[in-house]
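So this one's run05.txt, compact mmCIF, C-alpha atoms:
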# COMPACT_ATOMS: atom_id res chain seq x y z
CA MET A 1 19.69 78.31 -83.50
CA LYS A 2 17.54 80.57 -85.66
CA VAL A 3 16.32 79.37 -89.02
CA ARG A 4 14.69 81.37 -91.73
CA GLY A 5 14.20 81.11 -95.43
CA GLU A 6 11.74 80.81 -98.20
CA GLN A 7 10.67 78.37 -100.84
CA THR A 8 8.22 78.53 -103.70
CA LEU A 9 5.65 75.83 -104.46
CA PRO A 10 3.93 75.72 -107.85
CA LEU A 11 0.46 75.86 -106.28
CA GLU A 12 -2.20 78.42 -105.47
CA PRO A 13 -2.02 79.62 -101.83
CA THR A 14 -5.11 77.65 -100.82
CA ALA A 15 -3.70 74.46 -102.42
CA ALA A 16 -0.29 75.07 -100.81
CA TRP A 17 -1.98 75.61 -97.48
CA GLU A 18 -3.87 72.34 -97.83
CA LEU A 19 -0.76 70.44 -98.87
CA LEU A 20 1.15 71.70 -95.85
CA LEU A 21 -1.63 70.59 -93.54
CA ASN A 22 -2.15 67.24 -95.17
CA THR A 23 -0.92 64.56 -92.76
CA ASP A 24 0.19 62.17 -95.49
CA ALA A 25 2.00 64.92 -97.38
CA LEU A 26 3.77 66.08 -94.22
CA ALA A 27 4.69 62.54 -93.26
CA GLN A 28 6.25 62.02 -96.67
CA ALA A 29 8.00 65.37 -96.66
CA ILE A 30 9.57 65.38 -93.18
CA PRO A 31 12.98 63.75 -93.74
CA GLY A 32 13.13 60.29 -92.19
CA CYS A 33 9.54 60.45 -90.91
CA GLU A 34 8.04 57.02 -90.46
CA GLY A 35 4.45 58.15 -90.18
CA LEU A 36 2.26 60.55 -88.22
CA VAL A 37 -0.38 59.17 -85.86
CA PRO A 38 -3.13 61.59 -84.75
CA LEU A 39 -3.15 62.25 -81.00
CA GLY A 40 -5.84 64.91 -81.02
CA PRO A 41 -6.81 67.93 -83.06
CA ASP A 42 -3.70 69.29 -84.79
CA GLU A 43 -1.39 67.03 -82.81
CA TYR A 44 0.42 63.96 -84.07
CA GLN A 45 2.84 61.41 -82.79
CA MET A 46 5.89 60.99 -84.98
CA LYS A 47 8.77 58.56 -85.42
CA MET A 48 11.80 59.81 -87.29
CA LYS A 49 14.86 57.97 -88.49
CA ILE A 50 17.76 60.33 -89.02
CA ALA A 51 20.77 59.37 -91.11
CA VAL A 52 23.35 62.05 -91.80
CA ALA A 53 26.93 61.16 -92.65
CA SER A 54 27.59 58.04 -90.58
CA ILE A 55 25.25 59.15 -87.81
CA GLN A 56 22.03 57.21 -87.48
CA GLY A 57 19.36 57.61 -84.87
CA LEU A 58 15.71 57.09 -84.06
CA PHE A 59 13.70 59.93 -82.64
CA ALA A 60 10.19 59.72 -81.24
CA GLY A 61 8.20 62.86 -80.73
CA LYS A 62 5.30 65.06 -81.64
CA VAL A 63 4.24 67.41 -84.37
CA ARG A 64 1.78 70.12 -83.45
CA ILE A 65 0.04 72.71 -85.57
CA ALA A 66 -1.02 75.99 -83.98
CA ASP A 67 -2.16 79.52 -84.74
CA ARG A 68 -4.05 78.54 -87.88
CA ASN A 69 -4.78 81.54 -90.07
CA PRO A 70 -5.91 80.03 -93.39
CA PRO A 71 -4.56 80.43 -95.99
CA ASN A 72 -1.95 82.87 -94.70
CA SER A 73 0.06 81.26 -91.94
CA TYR A 74 0.36 78.64 -89.24
CA ARG A 75 2.90 77.62 -86.68
CA LEU A 76 4.56 74.21 -86.76
CA HIS A 77 6.04 72.70 -83.60
CA ILE A 78 8.23 69.62 -83.80
CA GLU A 79 9.88 67.81 -80.94
CA GLY A 80 11.73 64.57 -80.83
CA GLN A 81 13.82 62.58 -78.42
CA GLY A 82 16.08 59.60 -78.85
CA LYS A 83 19.24 57.98 -77.58
CA LEU A 84 21.31 60.60 -79.40
CA GLY A 85 19.63 63.59 -77.80
CA PHE A 86 16.67 65.80 -78.44
CA VAL A 87 15.43 68.17 -81.12
CA ARG A 88 12.85 70.90 -80.60
CA GLY A 89 11.75 73.28 -83.27
CA SER A 90 9.07 75.81 -83.80
CA GLY A 91 8.48 78.01 -86.79
CA LEU A 92 5.94 80.26 -88.40
CA LEU A 93 5.10 79.35 -91.99
CA SER A 94 3.62 82.20 -94.04
CA PHE A 95 2.03 81.79 -97.45
CA SER A 96 1.88 84.52 -100.05
CA PRO A 97 1.04 84.38 -103.76
CA ASP A 98 3.82 85.08 -106.26
CA ALA A 99 4.29 84.82 -110.02
CA THR A 100 4.90 81.06 -110.13
CA GLY A 101 2.73 79.88 -107.26
CA THR A 102 3.03 80.40 -103.55
CA ARG A 103 5.97 81.69 -101.65
CA ILE A 104 6.33 80.07 -98.26
CA THR A 105 8.52 81.91 -95.82
CA TYR A 106 9.54 80.28 -92.60
CA GLU A 107 11.08 81.75 -89.52
CA GLY A 108 11.75 79.92 -86.33
CA GLU A 109 14.09 78.43 -83.85
CA VAL A 110 15.59 74.95 -83.58
CA GLN A 111 17.20 73.57 -80.44
CA VAL A 112 19.30 70.45 -80.47
CA GLY A 113 20.67 68.99 -77.27
CA GLY A 114 22.29 65.94 -75.78
CA LEU A 115 25.10 63.81 -77.19
CA ILE A 116 24.45 64.75 -80.81
CA ALA A 117 24.81 68.46 -80.03
CA SER A 118 27.90 68.17 -77.87
CA VAL A 119 29.73 66.04 -80.42
CA GLY A 120 28.32 67.43 -83.63
CA GLU A 121 28.06 71.17 -82.97
CA ARG A 122 30.03 71.87 -86.13
CA MET A 123 27.44 69.97 -88.16
CA LEU A 124 24.19 71.22 -86.63
CA ASP A 125 23.69 74.33 -88.72
CA VAL A 126 24.44 72.65 -92.01
CA THR A 127 22.39 69.56 -91.17
CA THR A 128 19.37 71.56 -90.02
CA LYS A 129 19.40 73.64 -93.20
CA MET A 130 19.79 70.52 -95.29
CA MET A 131 16.80 68.84 -93.64
CA ILE A 132 14.61 71.93 -94.06
CA GLY A 133 15.70 72.00 -97.71
CA HIS A 134 14.75 68.32 -98.14
CA PHE A 135 11.38 68.98 -96.49
CA PHE A 136 10.48 71.68 -99.01
CA ASN A 137 11.93 69.77 -101.97
CA ASN A 138 9.82 66.77 -101.02
CA LEU A 139 6.74 69.00 -100.82
CA ALA A 140 7.56 70.57 -104.19
CA GLN A 141 7.76 67.10 -105.72
CA GLN A 142 4.36 66.23 -104.34
CA ALA A 143 2.98 69.53 -105.67
CA HIS A 144 4.12 68.51 -109.16
CA HIS A 145 2.15 65.26 -109.05
CA MET B 1 33.78 54.68 -76.04
CA ILE B 2 32.94 51.09 -76.89
CA PRO B 3 30.92 50.61 -80.07
CA GLN B 4 27.85 48.45 -80.40
CA SER B 5 28.67 44.97 -81.58
CA PHE B 6 28.83 44.50 -85.33
CA GLU B 7 29.83 41.95 -87.93
CA TYR B 8 33.20 42.56 -89.56
CA SER B 9 34.43 41.53 -92.98
CA ALA B 10 37.79 42.27 -94.56
CA PRO B 11 37.45 41.26 -98.21
CA GLU B 12 40.61 41.04 -100.31
CA SER B 13 39.12 42.18 -103.60
CA VAL B 14 36.82 44.96 -104.76
CA SER B 15 34.38 42.47 -106.28
CA GLU B 16 34.05 40.66 -102.96
CA ALA B 17 33.53 43.99 -101.14
CA LEU B 18 30.80 44.95 -103.60
CA ARG B 19 29.13 41.56 -103.23
CA LEU B 20 29.04 42.00 -99.43
CA LEU B 21 27.84 45.57 -99.75
CA GLY B 22 24.95 44.44 -101.91
CA SER B 23 23.96 41.51 -99.72
CA VAL B 24 24.14 42.60 -96.07
CA GLU B 25 21.65 44.97 -94.46
CA ASN B 26 22.73 48.13 -92.65
CA SER B 27 26.37 47.82 -93.66
CA ARG B 28 29.01 50.54 -93.80
CA VAL B 29 32.20 50.62 -95.78
CA LEU B 30 35.31 51.27 -93.68
CA ALA B 31 38.28 52.95 -95.34
CA GLY B 32 40.74 54.62 -92.95
CA GLY B 33 38.14 54.87 -90.19
CA GLN B 34 38.94 58.46 -89.21
CA SER B 35 35.30 59.57 -89.41
CA LEU B 36 33.30 56.37 -89.06
CA ILE B 37 35.09 54.81 -86.07
CA PRO B 38 34.79 57.84 -83.73
CA MET B 39 31.07 58.00 -84.53
CA MET B 40 30.72 54.27 -83.79
CA LYS B 41 32.61 54.62 -80.51
CA LEU B 42 30.26 57.42 -79.47
CA ARG B 43 27.37 55.22 -80.60
CA LEU B 44 26.16 57.91 -82.93
CA SER B 45 26.61 55.31 -85.62
CA GLY B 46 25.75 51.66 -85.22
CA PRO B 47 26.08 49.71 -88.44
CA ALA B 48 25.26 46.01 -88.24
CA HIS B 49 28.11 45.12 -90.57
CA VAL B 50 31.42 46.83 -91.31
CA ILE B 51 33.17 46.07 -94.59
CA ASP B 52 36.85 46.98 -94.25
CA LEU B 53 38.58 47.88 -97.52
CA GLY B 54 42.03 47.90 -95.87
CA ARG B 55 43.18 44.57 -97.26
CA ILE B 56 42.28 45.23 -100.86
CA ALA B 57 45.70 45.56 -102.48
CA GLU B 58 44.27 46.84 -105.79
CA LEU B 59 43.09 50.07 -104.10
CA HIS B 60 46.58 51.09 -102.95
CA TYR B 61 48.46 52.98 -105.68
CA ILE B 62 49.49 56.39 -106.91
CA ALA B 63 50.37 56.14 -110.58
CA GLN B 64 51.07 58.54 -113.40
CA THR B 65 49.41 57.80 -116.72
CA ASN B 66 49.43 60.07 -119.75
CA GLY B 67 48.55 63.53 -118.54
CA SER B 68 47.06 62.52 -115.21
CA VAL B 69 47.76 60.96 -111.83
CA ARG B 70 45.47 58.20 -110.56
CA LEU B 71 45.16 57.53 -106.85
CA GLY B 72 43.63 54.35 -105.52
CA ALA B 73 40.91 55.05 -102.97
CA MET B 74 42.94 53.56 -100.10
CA SER B 75 45.93 55.88 -100.57
CA THR B 76 46.48 57.45 -97.16
CA HIS B 77 46.77 61.20 -96.74
CA ASN B 78 50.41 60.73 -95.79
CA GLN B 79 51.16 58.66 -98.90
CA VAL B 80 49.60 61.44 -100.97
CA ALA B 81 51.54 64.13 -99.08
CA VAL B 82 54.94 62.50 -99.63
CA SER B 83 54.36 61.06 -103.11
CA GLU B 84 57.21 61.98 -105.46
CA THR B 85 54.86 61.52 -108.41
CA LEU B 86 52.47 64.11 -107.02
CA ARG B 87 55.19 66.49 -105.84
CA ARG B 88 56.36 66.53 -109.46
CA SER B 89 53.06 66.41 -111.38
CA CYS B 90 50.37 67.75 -109.07
CA PRO B 91 51.94 69.38 -105.99
CA LEU B 92 48.64 70.98 -104.97
CA LEU B 93 47.10 67.64 -104.01
CA ALA B 94 50.21 66.66 -102.01
CA GLU B 95 50.19 70.01 -100.21
CA VAL B 96 46.50 69.68 -99.28
CA ALA B 97 46.99 66.11 -98.02
CA GLY B 98 49.82 67.30 -95.77
CA ARG B 99 47.49 69.80 -94.13
CA ILE B 100 44.79 67.31 -93.13
CA GLY B 101 44.32 66.68 -89.39
CA ASP B 102 47.39 65.41 -87.56
CA PRO B 103 49.99 62.70 -88.26
CA GLN B 104 47.80 59.96 -86.79
CA VAL B 105 44.89 60.92 -89.03
CA ARG B 106 47.17 61.23 -92.07
CA ASN B 107 48.62 57.78 -91.52
CA LEU B 108 45.20 56.12 -91.50
CA GLY B 109 42.72 58.38 -93.29
CA THR B 110 42.36 57.83 -97.03
CA ILE B 111 41.50 59.91 -100.06
CA GLY B 112 38.63 57.58 -100.96
CA GLY B 113 37.18 57.68 -97.46
CA SER B 114 37.39 61.45 -97.16
CA THR B 115 35.86 61.90 -100.60
CA ALA B 116 32.98 59.53 -99.91
CA HIS B 117 32.33 61.08 -96.48
CA ALA B 118 32.09 64.61 -98.00
CA ASP B 119 32.51 66.56 -94.80
CA PRO B 120 31.80 70.20 -95.71
CA ALA B 121 35.05 71.24 -93.97
CA ALA B 122 37.30 68.46 -95.31
CA ASP B 123 40.48 69.57 -97.11
CA TYR B 124 40.57 67.31 -100.17
CA PRO B 125 37.39 68.64 -101.80
CA ALA B 126 38.95 72.12 -102.22
CA ALA B 127 41.81 70.61 -104.24
CA LEU B 128 39.56 68.21 -106.16
CA GLN B 129 37.32 71.10 -107.20
CA ALA B 130 40.24 73.35 -108.20
CA LEU B 131 41.95 70.53 -110.11
CA ARG B 132 38.72 69.51 -111.89
CA ALA B 133 39.39 65.99 -110.62
CA GLN B 134 37.40 62.97 -111.69
CA ILE B 135 36.17 60.34 -109.27
CA ARG B 136 35.72 56.80 -110.51
CA LEU B 137 32.96 54.83 -108.77
CA VAL B 138 32.37 51.11 -109.03
CA GLY B 139 29.31 49.06 -108.19
CA ALA B 140 28.43 45.43 -108.88
CA GLY B 141 28.97 45.03 -112.62
CA ARG B 142 29.07 48.74 -113.34
CA GLU B 143 31.36 51.72 -113.10
CA ARG B 144 31.19 55.42 -113.88
CA THR B 145 33.35 58.49 -113.61
CA VAL B 146 31.97 61.69 -112.10
CA SER B 147 33.59 65.14 -111.99
CA ALA B 148 34.29 66.58 -108.52
CA GLU B 149 31.80 69.34 -109.25
CA ASP B 150 29.03 66.78 -109.87
CA PHE B 151 30.18 64.44 -107.09
CA PHE B 152 29.83 66.73 -104.05
CA LEU B 153 26.09 67.43 -103.81
CA ASP B 154 25.56 68.73 -100.29
CA ALA B 155 26.99 68.32 -96.79
CA PHE B 156 27.82 64.62 -96.37
CA THR B 157 25.94 63.93 -99.57
CA THR B 158 27.57 62.74 -102.79
CA ALA B 159 26.68 61.21 -106.13
CA LEU B 160 27.79 57.84 -104.71
CA GLY B 161 24.87 55.47 -105.23
CA GLU B 162 23.60 52.53 -103.24
CA GLY B 163 26.09 49.66 -103.49
CA GLU B 164 28.88 51.80 -104.97
CA ILE B 165 32.33 52.60 -103.64
CA VAL B 166 34.97 55.13 -104.66
CA TYR B 167 37.60 53.22 -106.64
CA GLU B 168 40.03 55.98 -107.57
CA VAL B 169 40.54 59.72 -107.85
CA ILE B 170 42.03 61.06 -111.09
CA VAL B 171 43.74 64.45 -111.19
CA PRO B 172 45.29 66.10 -114.25
CA ALA B 173 49.06 66.62 -114.22
CA ASP B 174 49.94 70.31 -114.03
CA ALA B 175 50.73 72.13 -117.25
CA PRO B 176 54.24 73.67 -117.20
CA GLY B 177 54.41 77.03 -115.42
CA LEU B 178 51.34 76.52 -113.24
CA GLY B 179 51.71 77.74 -109.65
CA SER B 180 49.54 76.31 -106.91
CA ALA B 181 48.84 76.82 -103.22
CA TYR B 182 46.48 75.77 -100.46
CA VAL B 183 45.65 78.19 -97.67
CA LYS B 184 43.55 77.02 -94.78
CA LEU B 185 42.27 79.06 -91.87
CA GLN B 186 41.39 76.31 -89.47
CA GLN B 187 39.48 75.52 -86.34
CA PRO B 188 42.41 75.29 -83.90
CA ALA B 189 41.14 72.26 -82.01
CA SER B 190 39.91 70.05 -84.82
CA GLY B 191 42.06 71.32 -87.67
CA PHE B 192 38.99 71.38 -89.90
CA ALA B 193 38.88 74.22 -92.41
CA VAL B 194 36.85 77.28 -91.50
CA ALA B 195 37.89 78.51 -94.92
CA GLY B 196 40.20 76.42 -97.10
CA VAL B 197 41.18 77.61 -100.56
CA ALA B 198 43.10 75.65 -103.19
CA ALA B 199 44.30 77.78 -106.08
CA GLN B 200 46.18 77.34 -109.33
CA VAL B 201 47.43 80.21 -111.44
CA ALA B 202 49.37 80.47 -114.72
CA VAL B 203 50.63 83.68 -116.28
CA SER B 204 51.34 84.51 -119.88
CA GLY B 205 52.66 87.91 -121.03
CA GLY B 206 51.83 89.57 -117.70
CA GLN B 207 48.24 88.37 -117.80
CA ILE B 208 46.59 85.56 -115.89
CA SER B 209 45.99 82.80 -118.41
CA VAL B 210 44.70 80.09 -116.06
CA ALA B 211 42.95 80.51 -112.71
CA ARG B 212 41.36 77.66 -110.81
CA VAL B 213 39.97 78.01 -107.31
CA GLY B 214 38.27 75.43 -105.09
CA ILE B 215 36.87 76.34 -101.68
CA THR B 216 35.99 74.18 -98.68
CA GLY B 217 34.63 74.85 -95.19
CA VAL B 218 32.65 77.93 -96.15
CA GLY B 219 29.36 76.53 -97.49
CA ALA B 220 27.45 73.29 -97.11
CA LYS B 221 29.63 71.78 -99.82
CA SER B 222 32.95 72.49 -101.47
CA TYR B 223 32.72 74.45 -104.69
CA VAL B 224 34.53 75.89 -107.67
CA ALA B 225 34.71 79.66 -107.10
CA GLN B 226 33.60 80.44 -110.62
CA ALA B 227 33.19 84.19 -110.02
CA VAL B 228 36.78 84.43 -108.73
CA GLU B 229 38.13 82.48 -111.70
CA ASN B 230 36.25 84.69 -114.16
CA ALA B 231 37.53 87.85 -112.47
CA LEU B 232 41.13 86.63 -112.86
CA THR B 233 41.31 85.09 -116.30
CA GLY B 234 42.71 87.46 -118.92
CA ARG B 235 43.43 90.22 -116.39
CA PRO B 236 46.84 91.67 -115.46
CA ALA B 237 48.66 89.56 -112.87
CA THR B 238 48.68 92.26 -110.20
CA ALA B 239 47.88 92.42 -106.50
CA ALA B 240 44.87 94.60 -107.31
CA THR B 241 43.41 91.95 -109.64
CA LEU B 242 43.85 89.26 -106.98
CA ALA B 243 42.31 91.42 -104.25
CA ALA B 244 39.30 92.33 -106.38
CA ALA B 245 38.71 88.72 -107.44
CA SER B 246 39.02 87.46 -103.83
CA ARG B 247 36.06 89.57 -102.80
CA LEU B 248 33.90 87.21 -104.86
CA ALA B 249 35.07 84.11 -102.96
CA ALA B 250 31.72 83.41 -101.27
CA GLN B 251 29.47 84.96 -103.89
CA GLY B 252 26.15 83.14 -104.03
CA VAL B 253 27.14 80.84 -101.17
CA GLU B 254 25.19 80.60 -97.95
CA ALA B 255 28.01 80.53 -95.40
CA LEU B 256 27.94 78.08 -92.49
CA ASN B 257 27.42 79.11 -88.90
CA ASP B 258 28.88 77.44 -85.85
CA LEU B 259 30.12 78.41 -82.41
CA TYR B 260 33.59 79.06 -83.75
CA ALA B 261 32.76 81.12 -86.81
CA GLN B 262 29.57 82.88 -87.71
CA ALA B 263 28.47 83.24 -91.31
CA ASP B 264 29.70 86.82 -91.86
CA TYR B 265 33.09 86.08 -90.28
CA ARG B 266 33.41 82.94 -92.39
CA THR B 267 32.60 84.91 -95.53
CA HIS B 268 35.36 87.34 -94.62
CA LEU B 269 37.81 84.49 -93.98
CA ALA B 270 36.95 83.05 -97.39
CA GLU B 271 38.08 86.29 -98.99
CA VAL B 272 41.29 86.44 -96.95
CA ALA B 273 42.20 82.80 -97.61
CA THR B 274 41.45 83.21 -101.32
CA ARG B 275 43.67 86.27 -101.63
CA ARG B 276 46.55 84.58 -99.81
CA ALA B 277 46.22 81.39 -101.85
CA LEU B 278 46.20 83.36 -105.10
CA GLU B 279 49.23 85.41 -104.05
CA GLN B 280 51.18 82.27 -103.17
CA ALA B 281 50.13 80.48 -106.35
CA LEU B 282 51.04 83.49 -108.47
CA ALA B 283 54.47 83.73 -106.84
CA LEU B 284 55.10 80.11 -107.89
CA ALA B 285 53.79 80.52 -111.44
CA ARG B 286 56.42 80.88 -114.14
Rendering of file as structure tokens:
Amino acid sequence: MKVRGEQTLPLEPTAAWELLLNTDALAQAIPGCEGLVPLGPDEYQMKMKIAVASIQGLFAGKVRIADRNPPNSYRLHIEGQGKLGFVRGSGLLSFSPDATGTRITYEGEVQVGGLIASVGERMLDVTTKMMIGHFFNNLAQQAHH
Amino acid sequence: MIPQSFEYSAPESVSEALRLLGSVENSRVLAGGQSLIPMMKLRLSGPAHVIDLGRIAELHYIAQTNGSVRLGAMSTHNQVAVSETLRRSCPLLAEVAGRIGDPQVRNLGTIGGSTAHADPAADYPAALQALRAQIRLVGAGRERTVSAEDFFLDAFTTALGEGEIVYEVIVPADAPGLGSAYVKLQQPASGFAVAGVAAQVAVSGGQISVARVGITGVGAKSYVAQAVENALTGRPATAATLAAASRLAAQGVEALNDLYAQADYRTHLAEVATRRALEQALALAR
């Protein structure tokens, strides 16, 4: 499934860029993330606890940062696997200055498979969008502090 | 199709249910079980403790008070659909309840459970938005009443706080002359709304004096179609007015996408369902 959208953070592009590459900030912003452990340069191990509606599940996976082009864009890869299935996502995040701070546009693809996808197809689109929304809202909150 | 093992409690009072809810870890409240139980059987959900509200007599009622009808959270969809009180005072809610799922679901599923679950394609939220319903929530030693518009926050996300349950839903009794209708274009297998529109219309001197429209299934959450209501109120009660207003059904809403209906198709269905619901409601308005 394709995802795209944009969000504004009340920060200068360089500050927004730094926030979105800060491991602690990312760990706090990724919904359900229980910490990022460095595996190598730009690669982290991640545990995620997902709870949507009555569905709960643990996912273990990786977050990888690629194609760094500071402070304009980078590519974020996320993959996770658990008893409920798997999630793989990859998206290009682009930063551009605007009147109130930095506009971050994202464009990418998310794949969900396994039990959760076969049973919850109807909910995938809405849940994915909701989680991306939470991610940026969490970042915006951190930007305010 | 066998769930993980879990502890089970069936309290007989709301206060006991709230005490359990506040004291056991990883617990889920069970109402009619039409959403939670399938998820548990598929092991997509594995609560450690299930608190069943089914034996709490105080949550089973449909009662008329001055100007409104109050429905205990454990009223089943079928009880709502056949309620004489509602057929007389708020037929829209009865009509919507009768369109939910199938007879098995309607005999077990409850208004409180459906409301708390907040499925973006559930039927009740369309009616609760159109009716400007109030939802009364109780927690240990506290209670509050939230409007439907403030209750449904996002897909599967409500204003219900930690340790709170839905106690009752309160809908206003219809003013004389109000016509109402629910039109649902549904996913044929699941019966869930792809676009579900609950509408109420009143006419005075050839003009639309009251227009209320609630929509489910189209966006991430149910909503009041404010633009549609504004385009109707005070205008001549004609087919042209209804058609023009219906075009605003999904204005400002990011429509959902799934294998059955893509966003642009869903947006179109929202318009069609809105127009049909308004036509039916207008035909019943006196």
Return as AutoDock Vina command-line options the centre and edge lengths, in Å with one decimal, of the box along x, y and z that encloses every atom of range 31-49 of chain A in the file, padded by 6 Å per side.
--center_x 4.0 --center_y 63.2 --center_z -87.4 --size_x 33.7 --size_y 24.3 --size_z 24.7
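The chain A residues that come within 7 Å of chain B are A:Val52, A:Ala53, A:Ser54, A:Ile55, A:Gln56, A:Leu84, A:Glu121, A:Arg122, A:Asp125, A:Val126, with only C-alpha atoms taken into account.
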Nearest residue to Ala17 in chain B out of B:Gly161, B:Gly205, B:Gly54, B:Gly112, using all atoms listed in the file? B:Gly54
Hey, what's within 7 Å of range 106-111 of chain A if we count all atoms listed in the file and toss same-chain stuff fewer than 3 positions away? As a tab-separated table (two decimals) with C-alpha atoms, in the frame of the given file, please?
chain	number	residue	atom	x	y	z
A	1	MET	CA	19.69	78.31	-83.50
A	2	LYS	CA	17.54	80.57	-85.66
A	3	VAL	CA	16.32	79.37	-89.02
A	4	ARG	CA	14.69	81.37	-91.73
A	5	GLY	CA	14.20	81.11	-95.43
A	6	GLU	CA	11.74	80.81	-98.20
A	87	VAL	CA	15.43	68.17	-81.12
A	88	ARG	CA	12.85	70.90	-80.60
A	89	GLY	CA	11.75	73.28	-83.27
A	90	SER	CA	9.07	75.81	-83.80
A	91	GLY	CA	8.48	78.01	-86.79
A	92	LEU	CA	5.94	80.26	-88.40
A	93	LEU	CA	5.10	79.35	-91.99
A	94	SER	CA	3.62	82.20	-94.04
At what distance in Å, to one decimal, does CA of Gly234 in chain B lie from CA of Ala148 in chain B? 24.8 Å
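Around range 280-284 of chain B, within 10 Å and counting all atoms listed in the file, the residues found are Leu92, Gly177, Leu178, Gly179, Ser180, Ala181, Tyr182, Val183, Ala198, Ala199, Gln200, Val201, Ala202, Val203, Ile208, Ala211, Ala237, Thr238, Ala239, Leu242, Thr274, Arg275 and Arg276 of chain B, once anything fewer than 4 positions away on its own chain is removed.
Nearest to Ala57 in chain B of all the residues B:Val69, B:Met74, B:Ala133, B:Ala193 is B:Met74, based on all atoms listed in the file.
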What is the distance between CA of Asn138 in chain A and CA of Arg75 in chain A, in Å to one decimal? 19.3 Å
Within 7 Å of Ala249 in chain B, counting all atoms listed in the file, which residues show up once you throw out same-chain ones fewer than 4 positions away? Write them as a tab-separated table (two decimals) with C-alpha atoms, in the coordinates of the input, please.
chain	number	residue	atom	x	y	z
B	225	ALA	CA	34.71	79.66	-107.10
B	228	VAL	CA	36.78	84.43	-108.73
B	270	ALA	CA	36.95	83.05	-97.39
B	271	GLU	CA	38.08	86.29	-98.99
B	274	THR	CA	41.45	83.21	-101.32
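By only C-alpha atoms, and with residues fewer than 4 positions from Gln28 in chain A along its chain excluded, the set lying at most 12 Å from it is Leu19, Leu20, Asn22, Thr23, Asp24, Gly32, Cys33, Glu34, Gly35, Leu36, Met46, Met48, His134, Phe135, Phe136, Asn137, Asn138, Leu139, Ala140, Gln141 and Gln142 of chain A.
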Expected file: the selected residues, C-alpha atoms, as a compact mmCIF listing (two decimals), in the frame of the given file:
# COMPACT_ATOMS: atom_id res chain seq x y z
CA LEU A 19 -0.76 70.44 -98.87
CA LEU A 20 1.15 71.70 -95.85
CA ASN A 22 -2.15 67.24 -95.17
CA THR A 23 -0.92 64.56 -92.76
CA ASP A 24 0.19 62.17 -95.49
CA GLY A 32 13.13 60.29 -92.19
CA CYS A 33 9.54 60.45 -90.91
CA GLU A 34 8.04 57.02 -90.46
CA GLY A 35 4.45 58.15 -90.18
CA LEU A 36 2.26 60.55 -88.22
CA MET A 46 5.89 60.99 -84.98
CA MET A 48 11.80 59.81 -87.29
CA HIS A 134 14.75 68.32 -98.14
CA PHE A 135 11.38 68.98 -96.49
CA PHE A 136 10.48 71.68 -99.01
CA ASN A 137 11.93 69.77 -101.97
CA ASN A 138 9.82 66.77 -101.02
CA LEU A 139 6.74 69.00 -100.82
CA ALA A 140 7.56 70.57 -104.19
CA GLN A 141 7.76 67.10 -105.72
CA GLN A 142 4.36 66.23 -104.34
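When CA of His144 in chain A is paired with CA of Ala25 in chain A, their separation reads 12.5 Å.
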From A:Gly85, A:Gly113, A:Gly80, A:Gly133, residue lying nearest Lys62 in chain A [only C-alpha atoms]: A:Gly80
Contact residues around Ala97 in chain B with all atoms listed in the file at 7 Å, ignoring same-chain residues under 4 positions, as a list in words: His77, Asn78, Val80, Ala81, Leu93 and Tyr124 of chain B
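Closest approach to Leu26 in chain A from the set A:Ala143, A:Thr127, A:Arg103, A:Ile50 is made by A:Ala143, with distances taken over all atoms listed in the file.
Among the candidates A:Ile65, A:Leu76, A:Ile104, A:Val112, the one nearest to Gly40 in chain A when counting all atoms listed in the file is A:Ile65.
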